[in-house]
Each structure stands twice: as structure tokens, then as C-alpha cells.
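K.L.:
Here it is, the structure, as C-alpha cells.
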Amino acid sequence: HNQRVAELAGEIGRELGCDGPTLKALASGGTPHDTGKIGTPEPVLRKSVPLDEDETAVMRAHPAIGAEIVDGVEFLRDALPAIKSHHERWDGGGYPDGLAGEGIPLVARIVNAADTWDACTSSRPYQPAMDVGSVLRILERLKGTQIDPRVHEALLSVVDRWTGGAISRARAV
């Protein structure tokens, strides 16, 4: 999952025309974005039904824990915003800091979109992998609420290329 997120995040960054340091931060931030889950109990990570309130609080702590773990690691310095803020939402309803819009570091907005795509298209303990049409409907609902609209469009462009036009075909239906 982490490698796929890093690869997709880098491609989204290239699609957006990001500079070299930003692309490096995406490559180094996409892979360890969930480092904080190291402190999350295995039963919570593997739970196949919705988390209860306490479990949700434990899970929502992982971005800040991850940021604490890598803080001070020189080669991950530029990745820190992606690790800490990848669950922030465009509309301000995310965590851990409730950042919104352009206040969310770009690398975090990109990792958020890549993470969302991968979570929907790969099997998880709580859901099977979804088909492209279902994922597109979810992403459309998340555009402008969770996901930066500009990053959303770049994500779809990248995935369309990777899938030989599957996004374009699914959008036409």
C-alpha cells in the first residue's frame, strides 16, 4: 500500500508540475505516510466492522504519532507534512489539526488523494477492492470536501493513463 501511494503521489505531483523538492517530498512522504500506525493495536488495524469511538480516536492519532517518529530524521524532513497532514480535508473536517484548503501542505493533499485511490482499489480488512466506476463515484463526492479539486483532476488524469483510458470510459457511462 505504502509503495503504491508513494508512486501514485509522485505521478500526481508530476501531473501538477511540481518542482524537484516537492517531488522528492512526495516520494519520501508517500512511503512512510502511515508510520504512526506502528502504535496502533493490531485488532484495530484488522477490524472488519466500523470502529467504535475509542478505536477511532486511536486510529486518528496515527498521523501525529508518525510525525513524531520521523521528526528529526534529516532525509524525511520534507516528507513530514505529508506524514502529519495526509488526513486533513479540503473542507477543514480532517485531522489531526483541522487544516483546510490551501492551508494543507500540497504534499499532504496529494498523498491524501493517492491514499484514497489505493484504499478504494485494493482489498482491505473492512472492504473488498472496488471497481473503477464505484471509485469514480466516491471520488466525485470527495472532490471539494476531502480532496483538493485540482489534485482530484490530476489523480484522474494519471490513473486514466495508467489504465489505458479506464477513467475516460467509466466517466462516459
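Residue numbers start at 1 in each chain; chains themselves are named A, B, ... in the order of the C-alpha cells; ligands are numbered from 1 in the order shown.
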For Leu156 in chain A, find every residue with an atom within 9 Å (counting only C-alpha atoms), except residues of its own chain fewer than 5 positions away, and show them as a list in words.

P.N.:
Ile12, Leu136, Val151, Arg161, Ile167 and Ser168 of chain A

K.L.:
For range 56-58 of chain A, work out the shell of residues within 9 Å, counting only C-alpha atoms and skipping chain neighbours fewer than 2 positions away, then give it as a PyMOL selection string.

P.N.:
chain A and resi 39-41+44+50-54+60-62

K.L.:
Identify, with DSSP run on backbone atoms, the residues in chain A assigned to strand (DSSP E or B), and express the list as a ChimeraX atom specification.

P.N.:
/A:124,127,143,147

K.L.:
With a distance cut-off of 10 Å and only C-alpha atoms, select the neighbouring residues of Asp131 in chain A, excluding the residue or stretch itself and same-chain residues fewer than 3 positions from it, and output the selection as a PyMOL selection string.

P.N.:
chain A and resi 120-122+128+134-136+170

K.L.:
Determine which residues of range 92-158 of chain A DSSP labels as helix (DSSP H, G or I) from the backbone of this structure, then write them out as a PDB file with all heavy atoms, in the first residue's frame.

P.N.:
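The resulting part27.pdb:
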ATOM      1  N   GLY A 101      -8.282  23.689   2.888  1.00  0.00           N
ATOM      2  CA  GLY A 101      -7.885  24.307   1.638  1.00  0.00           C
ATOM      3  C   GLY A 101      -6.385  24.409   1.468  1.00  0.00           C
ATOM      4  O   GLY A 101      -5.641  23.462   1.740  1.00  0.00           O
ATOM      5  N   GLU A 102      -5.940  25.579   1.004  1.00  0.00           N
ATOM      6  CA  GLU A 102      -4.527  25.819   0.748  1.00  0.00           C
ATOM      7  C   GLU A 102      -3.697  25.803   2.033  1.00  0.00           C
ATOM      8  O   GLU A 102      -2.474  25.766   1.967  1.00  0.00           O
ATOM      9  CB  GLU A 102      -4.332  27.164   0.032  1.00  0.00           C
ATOM     10  CG  GLU A 102      -5.003  27.246  -1.330  1.00  0.00           C
ATOM     11  CD  GLU A 102      -4.286  26.460  -2.414  1.00  0.00           C
ATOM     12  OE1 GLU A 102      -3.060  26.268  -2.317  1.00  0.00           O
ATOM     13  OE2 GLU A 102      -4.970  26.034  -3.363  1.00  0.00           O
ATOM     14  N   GLY A 103      -4.350  25.802   3.190  1.00  0.00           N
ATOM     15  CA  GLY A 103      -3.640  25.687   4.462  1.00  0.00           C
ATOM     16  C   GLY A 103      -3.062  24.302   4.689  1.00  0.00           C
ATOM     17  O   GLY A 103      -2.211  24.113   5.557  1.00  0.00           O
ATOM     18  N   LEU A 106       0.636  21.047   0.174  1.00  0.00           N
ATOM     19  CA  LEU A 106       0.333  20.383  -1.087  1.00  0.00           C
ATOM     20  C   LEU A 106       0.722  18.908  -1.056  1.00  0.00           C
ATOM     21  O   LEU A 106      -0.034  18.058  -1.540  1.00  0.00           O
ATOM     22  CB  LEU A 106       1.027  21.093  -2.257  1.00  0.00           C
ATOM     23  CG  LEU A 106       0.811  20.470  -3.633  1.00  0.00           C
ATOM     24  CD1 LEU A 106      -0.667  20.432  -4.009  1.00  0.00           C
ATOM     25  CD2 LEU A 106       1.616  21.222  -4.682  1.00  0.00           C
ATOM     26  N   VAL A 107       1.879  18.587  -0.494  1.00  0.00           N
ATOM     27  CA  VAL A 107       2.289  17.173  -0.464  1.00  0.00           C
ATOM     28  C   VAL A 107       1.278  16.329   0.300  1.00  0.00           C
ATOM     29  O   VAL A 107       0.999  15.193  -0.075  1.00  0.00           O
ATOM     30  CB  VAL A 107       3.718  16.973   0.093  1.00  0.00           C
ATOM     31  CG1 VAL A 107       4.761  17.559  -0.838  1.00  0.00           C
ATOM     32  CG2 VAL A 107       3.866  17.523   1.490  1.00  0.00           C
ATOM     33  N   ALA A 108       0.693  16.878   1.351  1.00  0.00           N
ATOM     34  CA  ALA A 108      -0.321  16.143   2.119  1.00  0.00           C
ATOM     35  C   ALA A 108      -1.606  15.984   1.313  1.00  0.00           C
ATOM     36  O   ALA A 108      -2.241  14.919   1.345  1.00  0.00           O
ATOM     37  CB  ALA A 108      -0.607  16.858   3.441  1.00  0.00           C
ATOM     38  N   ARG A 109      -1.998  17.017   0.572  1.00  0.00           N
ATOM     39  CA  ARG A 109      -3.206  16.922  -0.264  1.00  0.00           C
ATOM     40  C   ARG A 109      -3.037  15.860  -1.341  1.00  0.00           C
ATOM     41  O   ARG A 109      -3.972  15.119  -1.658  1.00  0.00           O
ATOM     42  CB  ARG A 109      -3.517  18.280  -0.906  1.00  0.00           C
ATOM     43  CG  ARG A 109      -4.046  19.287   0.104  1.00  0.00           C
ATOM     44  CD  ARG A 109      -4.400  20.607  -0.561  1.00  0.00           C
ATOM     45  NE  ARG A 109      -3.229  21.481  -0.530  1.00  0.00           N
ATOM     46  CZ  ARG A 109      -2.898  22.350  -1.464  1.00  0.00           C
ATOM     47  NH1 ARG A 109      -3.624  22.477  -2.560  1.00  0.00           N
ATOM     48  NH2 ARG A 109      -1.832  23.102  -1.333  1.00  0.00           N
ATOM     49  N   ILE A 110      -1.838  15.773  -1.893  1.00  0.00           N
ATOM     50  CA  ILE A 110      -1.573  14.782  -2.927  1.00  0.00           C
ATOM     51  C   ILE A 110      -1.551  13.374  -2.330  1.00  0.00           C
ATOM     52  O   ILE A 110      -2.166  12.448  -2.883  1.00  0.00           O
ATOM     53  CB  ILE A 110      -0.251  15.109  -3.660  1.00  0.00           C
ATOM     54  CG1 ILE A 110      -0.420  16.402  -4.473  1.00  0.00           C
ATOM     55  CG2 ILE A 110       0.182  13.949  -4.544  1.00  0.00           C
ATOM     56  CD1 ILE A 110       0.884  16.939  -5.061  1.00  0.00           C
ATOM     57  N   VAL A 111      -0.877  13.193  -1.204  1.00  0.00           N
ATOM     58  CA  VAL A 111      -0.838  11.872  -0.569  1.00  0.00           C
ATOM     59  C   VAL A 111      -2.246  11.457  -0.147  1.00  0.00           C
ATOM     60  O   VAL A 111      -2.621  10.286  -0.279  1.00  0.00           O
ATOM     61  CB  VAL A 111       0.160  11.836   0.611  1.00  0.00           C
ATOM     62  CG1 VAL A 111       0.007  10.562   1.441  1.00  0.00           C
ATOM     63  CG2 VAL A 111       1.591  11.964   0.081  1.00  0.00           C
ATOM     64  N   ASN A 112      -3.054  12.392   0.304  1.00  0.00           N
ATOM     65  CA  ASN A 112      -4.440  12.089   0.672  1.00  0.00           C
ATOM     66  C   ASN A 112      -5.191  11.486  -0.517  1.00  0.00           C
ATOM     67  O   ASN A 112      -5.863  10.454  -0.392  1.00  0.00           O
ATOM     68  CB  ASN A 112      -5.134  13.366   1.158  1.00  0.00           C
ATOM     69  CG  ASN A 112      -6.603  13.174   1.463  1.00  0.00           C
ATOM     70  OD1 ASN A 112      -7.401  12.885   0.574  1.00  0.00           O
ATOM     71  ND2 ASN A 112      -6.954  13.354   2.711  1.00  0.00           N
ATOM     72  N   ALA A 113      -5.059  12.106  -1.680  1.00  0.00           N
ATOM     73  CA  ALA A 113      -5.770  11.612  -2.864  1.00  0.00           C
ATOM     74  C   ALA A 113      -5.242  10.252  -3.297  1.00  0.00           C
ATOM     75  O   ALA A 113      -6.019   9.341  -3.611  1.00  0.00           O
ATOM     76  CB  ALA A 113      -5.642  12.624  -4.008  1.00  0.00           C
ATOM     77  N   ALA A 114      -3.917  10.088  -3.301  1.00  0.00           N
ATOM     78  CA  ALA A 114      -3.328   8.806  -3.686  1.00  0.00           C
ATOM     79  C   ALA A 114      -3.713   7.712  -2.697  1.00  0.00           C
ATOM     80  O   ALA A 114      -4.039   6.581  -3.090  1.00  0.00           O
ATOM     81  CB  ALA A 114      -1.802   8.947  -3.767  1.00  0.00           C
ATOM     82  N   ASP A 115      -3.720   8.040  -1.423  1.00  0.00           N
ATOM     83  CA  ASP A 115      -4.099   7.091  -0.373  1.00  0.00           C
ATOM     84  C   ASP A 115      -5.566   6.682  -0.531  1.00  0.00           C
ATOM     85  O   ASP A 115      -5.914   5.498  -0.412  1.00  0.00           O
ATOM     86  CB  ASP A 115      -3.862   7.738   0.997  1.00  0.00           C
ATOM     87  CG  ASP A 115      -4.004   6.793   2.163  1.00  0.00           C
ATOM     88  OD1 ASP A 115      -3.710   5.591   2.026  1.00  0.00           O
ATOM     89  OD2 ASP A 115      -4.380   7.276   3.256  1.00  0.00           O
ATOM     90  N   THR A 116      -6.414   7.630  -0.840  1.00  0.00           N
ATOM     91  CA  THR A 116      -7.835   7.345  -1.031  1.00  0.00           C
ATOM     92  C   THR A 116      -8.043   6.415  -2.223  1.00  0.00           C
ATOM     93  O   THR A 116      -8.787   5.431  -2.138  1.00  0.00           O
ATOM     94  CB  THR A 116      -8.636   8.652  -1.206  1.00  0.00           C
ATOM     95  OG1 THR A 116      -8.434   9.467  -0.038  1.00  0.00           O
ATOM     96  CG2 THR A 116     -10.116   8.378  -1.400  1.00  0.00           C
ATOM     97  N   TRP A 117      -7.388   6.718  -3.344  1.00  0.00           N
ATOM     98  CA  TRP A 117      -7.488   5.858  -4.526  1.00  0.00           C
ATOM     99  C   TRP A 117      -7.064   4.430  -4.175  1.00  0.00           C
ATOM    100  O   TRP A 117      -7.761   3.467  -4.465  1.00  0.00           O
ATOM    101  CB  TRP A 117      -6.652   6.391  -5.686  1.00  0.00           C
ATOM    102  CG  TRP A 117      -6.604   5.432  -6.831  1.00  0.00           C
ATOM    103  CD1 TRP A 117      -5.662   4.473  -7.074  1.00  0.00           C
ATOM    104  CD2 TRP A 117      -7.588   5.291  -7.858  1.00  0.00           C
ATOM    105  NE1 TRP A 117      -5.996   3.765  -8.196  1.00  0.00           N
ATOM    106  CE2 TRP A 117      -7.176   4.242  -8.690  1.00  0.00           C
ATOM    107  CE3 TRP A 117      -8.780   5.964  -8.146  1.00  0.00           C
ATOM    108  CZ2 TRP A 117      -7.897   3.840  -9.815  1.00  0.00           C
ATOM    109  CZ3 TRP A 117      -9.505   5.569  -9.266  1.00  0.00           C
ATOM    110  CH2 TRP A 117      -9.067   4.518 -10.074  1.00  0.00           C
ATOM    111  N   ASP A 118      -5.906   4.300  -3.531  1.00  0.00           N
ATOM    112  CA  ASP A 118      -5.401   2.963  -3.241  1.00  0.00           C
ATOM    113  C   ASP A 118      -6.279   2.231  -2.231  1.00  0.00           C
ATOM    114  O   ASP A 118      -6.496   1.025  -2.359  1.00  0.00           O
ATOM    115  CB  ASP A 118      -3.955   3.012  -2.740  1.00  0.00           C
ATOM    116  CG  ASP A 118      -3.344   1.630  -2.737  1.00  0.00           C
ATOM    117  OD1 ASP A 118      -3.042   1.119  -3.843  1.00  0.00           O
ATOM    118  OD2 ASP A 118      -3.208   1.040  -1.656  1.00  0.00           O
ATOM    119  N   ALA A 119      -6.807   2.946  -1.257  1.00  0.00           N
ATOM    120  CA  ALA A 119      -7.688   2.313  -0.276  1.00  0.00           C
ATOM    121  C   ALA A 119      -8.953   1.764  -0.933  1.00  0.00           C
ATOM    122  O   ALA A 119      -9.464   0.719  -0.546  1.00  0.00           O
ATOM    123  CB  ALA A 119      -8.054   3.306   0.826  1.00  0.00           C
ATOM    124  N   CYS A 120      -9.436   2.471  -1.944  1.00  0.00           N
ATOM    125  CA  CYS A 120     -10.659   2.029  -2.635  1.00  0.00           C
ATOM    126  C   CYS A 120     -10.404   0.908  -3.629  1.00  0.00           C
ATOM    127  O   CYS A 120     -11.276   0.058  -3.848  1.00  0.00           O
ATOM    128  CB  CYS A 120     -11.299   3.208  -3.379  1.00  0.00           C
ATOM    129  SG  CYS A 120     -12.032   4.455  -2.307  1.00  0.00           S
ATOM    130  N   THR A 121      -9.232   0.882  -4.232  1.00  0.00           N
ATOM    131  CA  THR A 121      -8.981  -0.069  -5.318  1.00  0.00           C
ATOM    132  C   THR A 121      -8.224  -1.317  -4.881  1.00  0.00           C
ATOM    133  O   THR A 121      -7.932  -2.178  -5.709  1.00  0.00           O
ATOM    134  CB  THR A 121      -8.207   0.605  -6.473  1.00  0.00           C
ATOM    135  OG1 THR A 121      -6.981   1.138  -5.961  1.00  0.00           O
ATOM    136  CG2 THR A 121      -9.042   1.716  -7.108  1.00  0.00           C
ATOM    137  N   VAL A 132     -13.642   0.445 -10.881  1.00  0.00           N
ATOM    138  CA  VAL A 132     -13.312   1.825 -11.235  1.00  0.00           C
ATOM    139  C   VAL A 132     -14.535   2.735 -11.188  1.00  0.00           C
ATOM    140  O   VAL A 132     -14.462   3.857 -10.669  1.00  0.00           O
ATOM    141  CB  VAL A 132     -12.628   1.886 -12.624  1.00  0.00           C
ATOM    142  CG1 VAL A 132     -12.480   3.318 -13.104  1.00  0.00           C
ATOM    143  CG2 VAL A 132     -11.270   1.216 -12.577  1.00  0.00           C
ATOM    144  N   GLY A 133     -15.668   2.281 -11.691  1.00  0.00           N
ATOM    145  CA  GLY A 133     -16.867   3.115 -11.680  1.00  0.00           C
ATOM    146  C   GLY A 133     -17.292   3.502 -10.274  1.00  0.00           C
ATOM    147  O   GLY A 133     -17.646   4.660 -10.017  1.00  0.00           O
ATOM    148  N   SER A 134     -17.235   2.555  -9.350  1.00  0.00           N
ATOM    149  CA  SER A 134     -17.587   2.845  -7.950  1.00  0.00           C
ATOM    150  C   SER A 134     -16.618   3.838  -7.335  1.00  0.00           C
ATOM    151  O   SER A 134     -17.019   4.759  -6.623  1.00  0.00           O
ATOM    152  CB  SER A 134     -17.590   1.557  -7.122  1.00  0.00           C
ATOM    153  OG  SER A 134     -18.574   0.678  -7.581  1.00  0.00           O
ATOM    154  N   VAL A 135     -15.332   3.654  -7.628  1.00  0.00           N
ATOM    155  CA  VAL A 135     -14.321   4.566  -7.081  1.00  0.00           C
ATOM    156  C   VAL A 135     -14.523   5.975  -7.635  1.00  0.00           C
ATOM    157  O   VAL A 135     -14.437   6.955  -6.900  1.00  0.00           O
ATOM    158  CB  VAL A 135     -12.892   4.053  -7.364  1.00  0.00           C
ATOM    159  CG1 VAL A 135     -11.858   5.046  -6.848  1.00  0.00           C
ATOM    160  CG2 VAL A 135     -12.679   2.688  -6.727  1.00  0.00           C
ATOM    161  N   LEU A 136     -14.823   6.079  -8.913  1.00  0.00           N
ATOM    162  CA  LEU A 136     -15.068   7.398  -9.501  1.00  0.00           C
ATOM    163  C   LEU A 136     -16.238   8.108  -8.827  1.00  0.00           C
ATOM    164  O   LEU A 136     -16.180   9.318  -8.586  1.00  0.00           O
ATOM    165  CB  LEU A 136     -15.324   7.289 -10.995  1.00  0.00           C
ATOM    166  CG  LEU A 136     -14.109   7.021 -11.853  1.00  0.00           C
ATOM    167  CD1 LEU A 136     -14.518   6.852 -13.308  1.00  0.00           C
ATOM    168  CD2 LEU A 136     -13.089   8.130 -11.714  1.00  0.00           C
ATOM    169  N   ARG A 137     -17.298   7.377  -8.523  1.00  0.00           N
ATOM    170  CA  ARG A 137     -18.448   7.993  -7.836  1.00  0.00           C
ATOM    171  C   ARG A 137     -18.046   8.489  -6.447  1.00  0.00           C
ATOM    172  O   ARG A 137     -18.440   9.586  -6.026  1.00  0.00           O
ATOM    173  CB  ARG A 137     -19.617   7.014  -7.773  1.00  0.00           C
ATOM    174  CG  ARG A 137     -20.306   6.829  -9.130  1.00  0.00           C
ATOM    175  CD  ARG A 137     -21.571   5.996  -9.041  1.00  0.00           C
ATOM    176  NE  ARG A 137     -21.324   4.605  -8.706  1.00  0.00           N
ATOM    177  CZ  ARG A 137     -20.936   3.666  -9.584  1.00  0.00           C
ATOM    178  NH1 ARG A 137     -20.750   3.989 -10.860  1.00  0.00           N
ATOM    179  NH2 ARG A 137     -20.751   2.423  -9.197  1.00  0.00           N
ATOM    180  N   ILE A 138     -17.252   7.699  -5.741  1.00  0.00           N
ATOM    181  CA  ILE A 138     -16.772   8.116  -4.417  1.00  0.00           C
ATOM    182  C   ILE A 138     -15.892   9.351  -4.538  1.00  0.00           C
ATOM    183  O   ILE A 138     -16.062  10.331  -3.806  1.00  0.00           O
ATOM    184  CB  ILE A 138     -16.016   6.962  -3.725  1.00  0.00           C
ATOM    185  CG1 ILE A 138     -17.006   5.875  -3.307  1.00  0.00           C
ATOM    186  CG2 ILE A 138     -15.214   7.464  -2.527  1.00  0.00           C
ATOM    187  CD1 ILE A 138     -16.355   4.588  -2.859  1.00  0.00           C
ATOM    188  N   LEU A 139     -14.938   9.307  -5.466  1.00  0.00           N
ATOM    189  CA  LEU A 139     -14.030  10.449  -5.635  1.00  0.00           C
ATOM    190  C   LEU A 139     -14.778  11.720  -6.019  1.00  0.00           C
ATOM    191  O   LEU A 139     -14.420  12.812  -5.577  1.00  0.00           O
ATOM    192  CB  LEU A 139     -12.956  10.132  -6.668  1.00  0.00           C
ATOM    193  CG  LEU A 139     -11.906   9.107  -6.252  1.00  0.00           C
ATOM    194  CD1 LEU A 139     -10.982   8.796  -7.417  1.00  0.00           C
ATOM    195  CD2 LEU A 139     -11.120   9.575  -5.044  1.00  0.00           C
ATOM    196  N   GLU A 140     -15.803  11.580  -6.835  1.00  0.00           N
ATOM    197  CA  GLU A 140     -16.589  12.758  -7.223  1.00  0.00           C
ATOM    198  C   GLU A 140     -17.253  13.387  -5.994  1.00  0.00           C
ATOM    199  O   GLU A 140     -17.302  14.609  -5.867  1.00  0.00           O
ATOM    200  CB  GLU A 140     -17.634  12.375  -8.274  1.00  0.00           C
ATOM    201  CG  GLU A 140     -18.262  13.558  -8.952  1.00  0.00           C
ATOM    202  CD  GLU A 140     -17.267  14.485  -9.662  1.00  0.00           C
ATOM    203  OE1 GLU A 140     -16.289  14.015 -10.262  1.00  0.00           O
ATOM    204  OE2 GLU A 140     -17.480  15.717  -9.596  1.00  0.00           O
ATOM    205  N   ARG A 141     -17.738  12.550  -5.070  1.00  0.00           N
ATOM    206  CA  ARG A 141     -18.342  13.071  -3.828  1.00  0.00           C
ATOM    207  C   ARG A 141     -17.293  13.715  -2.924  1.00  0.00           C
ATOM    208  O   ARG A 141     -17.600  14.632  -2.166  1.00  0.00           O
ATOM    209  CB  ARG A 141     -19.057  11.947  -3.069  1.00  0.00           C
ATOM    210  CG  ARG A 141     -20.358  11.525  -3.694  1.00  0.00           C
ATOM    211  CD  ARG A 141     -21.212  10.677  -2.764  1.00  0.00           C
ATOM    212  NE  ARG A 141     -20.514   9.575  -2.128  1.00  0.00           N
ATOM    213  CZ  ARG A 141     -20.433   8.327  -2.614  1.00  0.00           C
ATOM    214  NH1 ARG A 141     -20.991   8.025  -3.760  1.00  0.00           N
ATOM    215  NH2 ARG A 141     -19.785   7.393  -1.943  1.00  0.00           N
ATOM    216  N   LEU A 142     -16.057  13.214  -2.996  1.00  0.00           N
ATOM    217  CA  LEU A 142     -14.997  13.730  -2.129  1.00  0.00           C
ATOM    218  C   LEU A 142     -14.314  14.979  -2.681  1.00  0.00           C
ATOM    219  O   LEU A 142     -13.644  15.697  -1.940  1.00  0.00           O
ATOM    220  CB  LEU A 142     -13.950  12.634  -1.885  1.00  0.00           C
ATOM    221  CG  LEU A 142     -14.440  11.405  -1.126  1.00  0.00           C
ATOM    222  CD1 LEU A 142     -13.319  10.369  -1.029  1.00  0.00           C
ATOM    223  CD2 LEU A 142     -14.980  11.766   0.246  1.00  0.00           C
ATOM    224  N   PRO A 149      -9.830  19.918  -5.342  1.00  0.00           N
ATOM    225  CA  PRO A 149     -10.331  19.684  -6.701  1.00  0.00           C
ATOM    226  C   PRO A 149      -9.237  19.603  -7.769  1.00  0.00           C
ATOM    227  O   PRO A 149      -9.324  18.794  -8.697  1.00  0.00           O
ATOM    228  CB  PRO A 149     -11.252  20.883  -6.956  1.00  0.00           C
ATOM    229  CG  PRO A 149     -11.703  21.303  -5.599  1.00  0.00           C
ATOM    230  CD  PRO A 149     -10.520  21.052  -4.699  1.00  0.00           C
ATOM    231  N   ARG A 150      -8.207  20.413  -7.645  1.00  0.00           N
ATOM    232  CA  ARG A 150      -7.121  20.382  -8.628  1.00  0.00           C
ATOM    233  C   ARG A 150      -6.344  19.065  -8.534  1.00  0.00           C
ATOM    234  O   ARG A 150      -5.988  18.460  -9.553  1.00  0.00           O
ATOM    235  CB  ARG A 150      -6.198  21.581  -8.393  1.00  0.00           C
ATOM    236  CG  ARG A 150      -5.194  21.836  -9.475  1.00  0.00           C
ATOM    237  CD  ARG A 150      -4.517  23.201  -9.267  1.00  0.00           C
ATOM    238  NE  ARG A 150      -3.741  23.257  -8.043  1.00  0.00           N
ATOM    239  CZ  ARG A 150      -2.416  23.133  -8.003  1.00  0.00           C
ATOM    240  NH1 ARG A 150      -1.725  22.970  -9.102  1.00  0.00           N
ATOM    241  NH2 ARG A 150      -1.787  23.200  -6.856  1.00  0.00           N
ATOM    242  N   VAL A 151      -6.106  18.595  -7.317  1.00  0.00           N
ATOM    243  CA  VAL A 151      -5.416  17.323  -7.110  1.00  0.00           C
ATOM    244  C   VAL A 151      -6.294  16.172  -7.605  1.00  0.00           C
ATOM    245  O   VAL A 151      -5.804  15.212  -8.203  1.00  0.00           O
ATOM    246  CB  VAL A 151      -5.025  17.148  -5.622  1.00  0.00           C
ATOM    247  CG1 VAL A 151      -4.478  15.757  -5.349  1.00  0.00           C
ATOM    248  CG2 VAL A 151      -4.019  18.220  -5.203  1.00  0.00           C
ATOM    249  N   HIS A 152      -7.594  16.279  -7.390  1.00  0.00           N
ATOM    250  CA  HIS A 152      -8.551  15.269  -7.862  1.00  0.00           C
ATOM    251  C   HIS A 152      -8.420  15.081  -9.367  1.00  0.00           C
ATOM    252  O   HIS A 152      -8.326  13.954  -9.872  1.00  0.00           O
ATOM    253  CB  HIS A 152      -9.967  15.720  -7.478  1.00  0.00           C
ATOM    254  CG  HIS A 152     -11.067  14.921  -8.073  1.00  0.00           C
ATOM    255  ND1 HIS A 152     -11.623  15.207  -9.295  1.00  0.00           N
ATOM    256  CD2 HIS A 152     -11.726  13.847  -7.608  1.00  0.00           C
ATOM    257  CE1 HIS A 152     -12.581  14.341  -9.561  1.00  0.00           C
ATOM    258  NE2 HIS A 152     -12.662  13.505  -8.562  1.00  0.00           N
ATOM    259  N   GLU A 153      -8.411  16.183 -10.109  1.00  0.00           N
ATOM    260  CA  GLU A 153      -8.318  16.092 -11.568  1.00  0.00           C
ATOM    261  C   GLU A 153      -6.976  15.507 -12.003  1.00  0.00           C
ATOM    262  O   GLU A 153      -6.917  14.720 -12.950  1.00  0.00           O
ATOM    263  CB  GLU A 153      -8.558  17.457 -12.211  1.00  0.00           C
ATOM    264  CG  GLU A 153      -9.989  17.946 -12.072  1.00  0.00           C
ATOM    265  CD  GLU A 153     -11.041  16.968 -12.603  1.00  0.00           C
ATOM    266  OE1 GLU A 153     -10.800  16.317 -13.647  1.00  0.00           O
ATOM    267  OE2 GLU A 153     -12.100  16.844 -11.962  1.00  0.00           O
ATOM    268  N   ALA A 154      -5.903  15.876 -11.308  1.00  0.00           N
ATOM    269  CA  ALA A 154      -4.587  15.318 -11.638  1.00  0.00           C
ATOM    270  C   ALA A 154      -4.561  13.813 -11.357  1.00  0.00           C
ATOM    271  O   ALA A 154      -4.019  13.038 -12.157  1.00  0.00           O
ATOM    272  CB  ALA A 154      -3.501  16.038 -10.835  1.00  0.00           C
ATOM    273  N   LEU A 155      -5.141  13.393 -10.250  1.00  0.00           N
ATOM    274  CA  LEU A 155      -5.240  11.967  -9.923  1.00  0.00           C
ATOM    275  C   LEU A 155      -5.944  11.216 -11.045  1.00  0.00           C
ATOM    276  O   LEU A 155      -5.462  10.188 -11.525  1.00  0.00           O
ATOM    277  CB  LEU A 155      -5.991  11.772  -8.604  1.00  0.00           C
ATOM    278  CG  LEU A 155      -6.505  10.363  -8.289  1.00  0.00           C
ATOM    279  CD1 LEU A 155      -5.358   9.398  -8.069  1.00  0.00           C
ATOM    280  CD2 LEU A 155      -7.430  10.392  -7.084  1.00  0.00           C
ATOM    281  N   LEU A 156      -7.081  11.727 -11.475  1.00  0.00           N
ATOM    282  CA  LEU A 156      -7.835  11.046 -12.520  1.00  0.00           C
ATOM    283  C   LEU A 156      -7.053  10.994 -13.835  1.00  0.00           C
ATOM    284  O   LEU A 156      -7.092   9.977 -14.545  1.00  0.00           O
ATOM    285  CB  LEU A 156      -9.196  11.705 -12.728  1.00  0.00           C
ATOM    286  CG  LEU A 156     -10.160  11.615 -11.546  1.00  0.00           C
ATOM    287  CD1 LEU A 156     -11.507  12.207 -11.921  1.00  0.00           C
ATOM    288  CD2 LEU A 156     -10.313  10.198 -11.026  1.00  0.00           C
ATOM    289  N   SER A 157      -6.328  12.045 -14.165  1.00  0.00           N
ATOM    290  CA  SER A 157      -5.510  12.044 -15.381  1.00  0.00           C
ATOM    291  C   SER A 157      -4.428  10.973 -15.316  1.00  0.00           C
ATOM    292  O   SER A 157      -4.204  10.241 -16.285  1.00  0.00           O
ATOM    293  CB  SER A 157      -4.857  13.408 -15.595  1.00  0.00           C
ATOM    294  OG  SER A 157      -5.828  14.375 -15.886  1.00  0.00           O
ATOM    295  N   VAL A 158      -3.761  10.877 -14.177  1.00  0.00           N
ATOM    296  CA  VAL A 158      -2.694   9.884 -14.011  1.00  0.00           C
ATOM    297  C   VAL A 158      -3.272   8.471 -14.111  1.00  0.00           C
ATOM    298  O   VAL A 158      -2.767   7.625 -14.855  1.00  0.00           O
ATOM    299  CB  VAL A 158      -1.964  10.072 -12.666  1.00  0.00           C
ATOM    300  CG1 VAL A 158      -1.068   8.880 -12.351  1.00  0.00           C
ATOM    301  CG2 VAL A 158      -1.168  11.369 -12.661  1.00  0.00           C
TER     302      VAL A 158
END

K.L.:
Could you give me, as a list of chain:residue names, the residues within 9 Å of Ala25 in chain A, counting only C-alpha atoms and dropping anything in the same chain fewer than 3 positions from it?

P.N.:
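The residues that qualify are A:Gly10, A:Gly20, A:Pro21, A:Thr22, A:Ser28, A:Gly29, A:Gly30, A:Leu76, A:Arg77, A:Asp78, A:Ala79, A:Leu80, A:Pro81, A:Ala82, A:Val107.
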
K.L.:
Near Gly94 in chain A, within 10 Å and counting only C-alpha atoms, which residues show up once chain neighbours fewer than 4 positions away are dropped, as an NGL selection string?

P.N.:
:A and (60 or 85-90 or 98-100 or 145-146)

K.L.:
Pick from A:Glu68, A:Phe75, A:Lys47, A:Ala27: nearest to Arg14 in chain A, with only C-alpha atoms counted?

P.N.:
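Ranking A:Glu68, A:Phe75, A:Lys47, A:Ala27 by distance to Arg14 in chain A, first place goes to A:Ala27.
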
K.L.:
I'd like the interatomic distance between CA of Tyr95 in chain A and CA of Val70 in chain A, to a tenth of an Å.

P.N.:
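Going from CA of Tyr95 in chain A over to CA of Val70 in chain A, I get 18.2 Å.
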